[in-house]
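Okay, target-v2.cif now, which holds mmCIF, C-alpha atoms:
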data_protein
#
loop_
_atom_site.label_atom_id
_atom_site.label_comp_id
_atom_site.auth_asym_id
_atom_site.auth_seq_id
_atom_site.Cartn_x
_atom_site.Cartn_y
_atom_site.Cartn_z
CA MET L 2 0.00 0.00 0.00
CA ASP L 3 1.96 2.98 -1.30
CA CYS L 4 -0.95 5.40 -1.67
CA ILE L 5 -0.77 8.36 0.71
CA PHE L 6 -4.58 8.65 0.77
CA ASP L 7 -4.97 4.97 1.66
CA LYS L 8 -2.53 5.59 4.54
CA ILE L 9 -4.51 8.65 5.68
CA ILE L 10 -7.76 6.64 5.51
CA ALA L 11 -6.09 3.86 7.55
CA GLY L 12 -4.96 6.44 10.13
CA GLU L 13 -1.28 5.70 9.48
CA ILE L 14 -0.59 9.29 8.42
CA PRO L 15 -2.18 12.21 10.33
CA SER L 16 -4.53 14.58 8.54
CA ASP L 17 -6.80 17.52 9.31
CA LYS L 18 -10.13 15.72 8.97
CA VAL L 19 -13.26 17.70 8.10
CA TYR L 20 -15.69 14.78 7.62
CA GLU L 21 -15.74 11.00 7.63
CA ASP L 22 -18.27 8.23 7.13
CA GLY L 23 -18.09 4.62 5.97
CA GLU L 24 -17.41 5.48 2.33
CA VAL L 25 -15.83 8.92 2.27
CA ILE L 26 -13.25 11.05 4.05
CA ALA L 27 -12.67 14.81 3.72
CA ILE L 28 -9.43 16.50 4.74
CA LYS L 29 -7.87 19.95 4.45
CA ASP L 30 -5.36 20.22 1.58
CA ILE L 31 -1.90 20.70 3.09
CA ASN L 32 -0.90 22.98 0.20
CA PRO L 33 -4.07 25.07 -0.36
CA SER L 34 -4.83 26.76 -3.69
CA ALA L 35 -7.63 28.91 -2.16
CA LEU L 36 -8.68 30.20 1.28
CA VAL L 37 -10.83 27.08 1.62
CA HIS L 38 -9.35 23.97 -0.01
CA ILE L 39 -10.68 20.59 1.07
CA LEU L 40 -10.19 17.16 -0.53
CA ILE L 41 -13.11 14.71 -0.59
CA ILE L 42 -11.80 11.17 -1.08
CA PRO L 43 -13.59 7.81 -1.48
CA LYS L 44 -12.26 5.10 0.85
CA LYS L 45 -12.37 2.69 -2.08
CA HIS L 46 -9.09 2.97 -3.95
CA ILE L 47 -9.97 4.03 -7.50
CA GLU L 48 -6.92 5.31 -9.34
CA SER L 49 -8.62 8.14 -11.24
CA VAL L 50 -11.86 9.08 -12.96
CA ASN L 51 -10.44 7.14 -15.93
CA HIS L 52 -10.65 3.99 -13.82
CA MET L 53 -14.19 4.30 -12.46
CA ASP L 54 -16.84 1.79 -13.52
CA GLU L 55 -20.44 2.77 -14.16
CA ALA L 56 -21.25 0.96 -10.89
CA ASP L 57 -19.09 3.53 -9.04
CA SER L 58 -21.39 6.39 -10.13
CA ALA L 59 -23.33 6.57 -6.85
CA LEU L 60 -20.09 6.65 -4.83
CA ILE L 61 -18.57 9.35 -7.04
CA GLY L 62 -21.83 11.32 -6.90
CA LYS L 63 -21.67 11.04 -3.12
CA LEU L 64 -18.33 12.90 -3.21
CA ILE L 65 -20.17 15.83 -4.83
CA TYR L 66 -23.04 15.59 -2.33
CA THR L 67 -20.59 15.47 0.58
CA ALA L 68 -18.79 18.52 -0.81
CA SER L 69 -22.09 20.45 -1.00
CA ASN L 70 -22.77 19.62 2.66
CA ILE L 71 -19.30 20.73 3.73
CA ALA L 72 -19.76 23.94 1.72
CA LYS L 73 -23.04 24.58 3.59
CA LYS L 74 -21.37 24.04 6.98
CA LYS L 75 -18.51 26.36 6.00
CA GLY L 76 -20.97 29.08 4.89
CA LEU L 77 -19.90 28.91 1.23
CA SER L 78 -23.25 28.00 -0.35
CA SER L 79 -24.51 31.49 -1.11
CA LYS L 80 -21.28 33.08 -2.37
CA GLY L 81 -20.20 29.97 -4.24
CA TYR L 82 -17.40 27.46 -4.62
CA ARG L 83 -15.75 25.21 -7.22
CA LEU L 84 -15.42 21.43 -7.35
CA VAL L 85 -12.58 19.92 -9.41
CA PHE L 86 -11.37 16.47 -10.44
CA ASN L 87 -7.94 16.44 -12.07
CA ILE L 88 -7.02 13.47 -14.23
CA GLY L 89 -3.50 12.77 -15.50
CA GLU L 90 -0.48 14.88 -16.24
CA ASP L 91 -2.11 17.64 -18.32
CA ALA L 92 -4.25 18.49 -15.29
CA GLY L 93 -1.44 18.13 -12.76
CA MET L 94 -2.90 15.15 -10.89
CA VAL L 95 -0.41 14.19 -8.18
CA VAL L 96 -1.89 11.36 -6.07
CA ASN L 97 -3.29 8.38 -8.01
CA HIS L 98 -6.45 7.93 -5.92
CA ILE L 99 -9.61 9.81 -6.93
CA HIS L 100 -10.05 13.04 -4.96
CA LEU L 101 -12.41 15.95 -5.40
CA HIS L 102 -11.10 19.46 -4.70
CA LEU L 103 -13.49 21.86 -2.94
CA LEU L 104 -12.22 25.42 -3.50
CA GLY L 105 -13.79 28.58 -2.13
CA GLY L 106 -13.84 31.37 0.43
CA GLN L 107 -12.76 33.88 -2.20
CA LYS L 108 -13.46 35.03 -5.75
CA LEU L 109 -12.18 32.26 -8.02
CA GLY L 110 -10.38 32.88 -11.30
CA ALA L 111 -10.29 30.89 -14.54
CA MET L 112 -10.85 27.11 -14.51
CA VAL L 113 -7.60 26.31 -16.35
CA MET I 20 -39.07 27.50 -18.93
CA ASP I 21 -36.39 30.16 -19.08
CA CYS I 22 -33.37 27.88 -18.73
CA ILE I 23 -31.16 27.79 -21.83
CA PHE I 24 -30.05 24.22 -21.06
CA ASP I 25 -33.67 23.06 -20.74
CA LYS I 26 -34.28 24.63 -24.18
CA ILE I 27 -31.22 22.89 -25.64
CA ILE I 28 -32.37 19.57 -24.13
CA ALA I 29 -35.85 20.13 -25.63
CA GLY I 30 -34.26 20.86 -29.04
CA GLU I 31 -35.62 24.41 -29.10
CA ILE I 32 -32.13 25.90 -29.30
CA PRO I 33 -29.47 24.28 -31.53
CA SER I 34 -26.27 22.91 -29.99
CA ASP I 35 -23.19 20.98 -31.01
CA LYS I 36 -24.09 17.66 -29.39
CA VAL I 37 -21.33 15.23 -28.41
CA TYR I 38 -23.43 12.64 -26.54
CA GLU I 39 -27.01 12.03 -25.46
CA ASP I 40 -28.95 9.37 -23.60
CA GLY I 41 -32.16 9.34 -21.54
CA GLU I 42 -30.61 11.16 -18.57
CA VAL I 43 -27.68 13.18 -19.86
CA ILE I 44 -26.67 15.42 -22.74
CA ALA I 45 -23.14 16.62 -23.65
CA ILE I 46 -22.50 19.64 -25.85
CA LYS I 47 -19.51 21.71 -26.93
CA ASP I 48 -19.12 24.94 -24.95
CA ILE I 49 -19.78 27.86 -27.30
CA ASN I 50 -17.14 29.96 -25.51
CA PRO I 51 -14.35 27.43 -24.85
CA SER I 52 -11.78 27.91 -22.05
CA ALA I 53 -9.51 25.15 -23.44
CA LEU I 54 -8.87 23.35 -26.74
CA VAL I 55 -11.44 20.76 -25.66
CA HIS I 56 -14.33 22.18 -23.60
CA ILE I 57 -17.49 20.11 -23.31
CA LEU I 58 -20.46 20.53 -20.96
CA ILE I 59 -22.13 17.42 -19.52
CA ILE I 60 -25.65 18.28 -18.35
CA PRO I 61 -28.35 16.21 -16.59
CA LYS I 62 -31.74 16.41 -18.29
CA LYS I 63 -33.32 16.78 -14.85
CA HIS I 64 -33.33 20.47 -13.97
CA ILE I 65 -31.28 20.81 -10.77
CA GLU I 66 -30.31 24.41 -10.16
CA SER I 67 -26.81 23.76 -8.81
CA VAL I 68 -24.80 21.33 -6.72
CA ASN I 69 -26.24 23.24 -3.73
CA HIS I 70 -29.68 21.97 -4.73
CA MET I 71 -28.93 18.29 -5.25
CA ASP I 72 -30.49 15.70 -2.92
CA GLU I 73 -28.63 12.63 -1.75
CA ALA I 74 -30.94 10.66 -4.08
CA ASP I 75 -29.41 12.55 -7.05
CA SER I 76 -25.94 11.11 -6.31
CA ALA I 77 -26.11 8.35 -8.95
CA LEU I 78 -27.23 10.86 -11.61
CA ILE I 79 -24.48 13.32 -10.70
CA GLY I 80 -21.94 10.49 -10.62
CA LYS I 81 -23.13 9.53 -14.08
CA LEU I 82 -22.08 12.98 -15.33
CA ILE I 83 -18.52 12.13 -14.23
CA TYR I 84 -18.72 8.66 -15.80
CA THR I 85 -20.05 10.14 -19.05
CA ALA I 86 -17.22 12.68 -19.06
CA SER I 87 -14.65 9.89 -18.66
CA ASN I 88 -16.14 8.08 -21.66
CA ILE I 89 -16.10 11.21 -23.80
CA ALA I 90 -12.48 11.83 -22.73
CA LYS I 91 -11.62 8.28 -23.87
CA LYS I 92 -13.27 8.82 -27.25
CA LYS I 93 -11.47 12.15 -27.69
CA GLY I 94 -8.10 10.53 -26.86
CA LEU I 95 -7.63 12.57 -23.67
CA SER I 96 -7.39 9.71 -21.14
CA SER I 97 -3.63 9.24 -21.16
CA LYS I 98 -2.54 12.90 -21.20
CA GLY I 99 -5.27 13.99 -18.83
CA TYR I 100 -8.17 16.40 -18.41
CA ARG I 101 -10.04 18.37 -15.75
CA LEU I 102 -13.67 18.17 -14.62
CA VAL I 103 -15.22 21.22 -12.95
CA PHE I 104 -18.51 22.15 -11.30
CA ASN I 105 -18.91 25.88 -10.58
CA ILE I 106 -21.40 26.93 -7.94
CA GLY I 107 -22.53 30.52 -7.41
CA GLU I 108 -21.01 33.91 -8.03
CA ASP I 109 -17.55 33.36 -6.49
CA ALA I 110 -17.00 30.60 -9.06
CA GLY I 111 -18.56 32.48 -11.98
CA MET I 112 -21.50 30.10 -12.49
CA VAL I 113 -23.60 31.54 -15.33
CA VAL I 114 -26.45 29.11 -16.11
CA ASN I 115 -28.51 27.92 -13.14
CA HIS I 116 -28.75 24.28 -14.19
CA ILE I 117 -26.03 21.85 -13.05
CA HIS I 118 -23.34 21.34 -15.70
CA LEU I 119 -19.97 19.65 -15.57
CA HIS I 120 -17.10 21.21 -17.54
CA LEU I 121 -14.72 18.78 -19.28
CA LEU I 122 -11.50 20.67 -20.11
CA GLY I 123 -8.48 19.26 -21.91
CA GLY I 124 -6.44 18.89 -25.06
CA GLN I 125 -3.66 21.04 -23.61
CA LYS I 126 -1.58 21.55 -20.48
CA LEU I 127 -3.97 23.01 -17.87
CA GLY I 128 -2.98 25.74 -15.43
CA ALA I 129 -4.13 26.46 -11.89
CA MET I 130 -7.58 25.38 -10.66
CA VAL I 131 -8.61 28.87 -9.53
#

Here is the file; what I need is its structure written in the form of structure tokens.
Amino acid sequence: MDCIFDKIIAGEIPSDKVYEDGEVIAIKDINPSALVHILIIPKKHIESVNHMDEADSALIGKLIYTASNIAKKKGLSSKGYRLVFNIGEDAGMVVNHIHLHLLGGQKLGAMV
Amino acid sequence: MDCIFDKIIAGEIPSDKVYEDGEVIAIKDINPSALVHILIIPKKHIESVNHMDEADSALIGKLIYTASNIAKKKGLSSKGYRLVFNIGEDAGMVVNHIHLHLLGGQKLGAMV
């Protein structure tokens, strides 16, 4: 098990946890790109969006739903926020385990 | 019905369609932010990620799955791509009907 997110999920590496349930964990990004930058990660190890099966749709949709709930709790719902999946080198994906970026707390610039 | 995406889905406004099934439509963005810029839109009118119910998770996950299939067909899988939901003013959301941006075909910059 070489995946840093698997180690965080297993509690082997400390993290600043925002939310956790049986399927999903949310942690603060240690190198934030915005005033609020949270990662929502499925506990199931799926390498990237490229590797999801159709049967994973509900789980991946739950990442979005979880992000919307965190945004509500953080008071971001009315002003807005951005949710991002990066896939592969062109997008600068670093850890090969699906993770959704929740970015907000400020005016956000271009998407690319 | 004042929503431009509802009108596109109903065929009342023309669009450059990339994919369609019973639940989802994908069209080229008319004002692209990257060499490849496609919008994946649920036919169900949900105003934004803020307005999704937990029961919508499978449908929203299907947007991601559909995007991954389009990326495969467009030859983007190996080099990479980015998927983005914007919510509200801080993120520059323009049309109040959930839509997922698929961005790729080039090196992508920062997420915000």

Counting all atoms listed in the file, the option among I:Leu54, I:Met71, I:Asp21, I:Ala29 closest to Gly124 in chain I: I:Leu54

Residue IDs satisfying the PyMOL selection byres ((chain L) within 8 of (chain I)), as a ChimeraX atom specification: /L:34-35,50-51,53-55,57-63,65-66,69,78-93,104-105,107-113

Separation of CA of His100 in chain L from CA of Lys75 in chain L, in Å and rounded to one decimal: 19.2 Å

Box centre and edge lengths (Å, one decimal), axis-aligned, range 25-41 of chain I plus 6 Å each side, as lines of an AutoDock Vina configuration file:
center_x = -28.6
center_y = 17.6
center_z = -26.1
size_x = 26.5
size_y = 28.6
size_z = 22.8

Chain and number of each residue from the PyMOL selection byres ((chain I and resi 44) around 7), as a list in words: Tyr38, Glu39, Asp40, Val43, Ala45, Ile46, Ile59, Ile60, Pro61 and Lys62 of chain I

Pick from L:His38, L:Lys29, L:Lys18, L:Lys8 nearest to His98 in chain L, counting only C-alpha atoms: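 Of all the options, L:Lys8 lies closest to His98 in chain L.
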
Length of the CA of Val37 in chain I to CA of Ile47 in chain L vector [Å]: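 Pair CA of Val37 in chain I / CA of Ile47 in chain L returns 26.3 Å.
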
Å distance separating CA of Asp35 in chain I from CA of Pro51 in chain I, one decimal place: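 Going from CA of Asp35 in chain I over to CA of Pro51 in chain I covers 12.6 Å.
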
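Residue nearest Ile89 in chain I within the list I:Ile57, I:Phe24, I:Asn115, I:Glu66: I:Ile57 [criterion: smallest interatomic distance, only C-alpha atoms].
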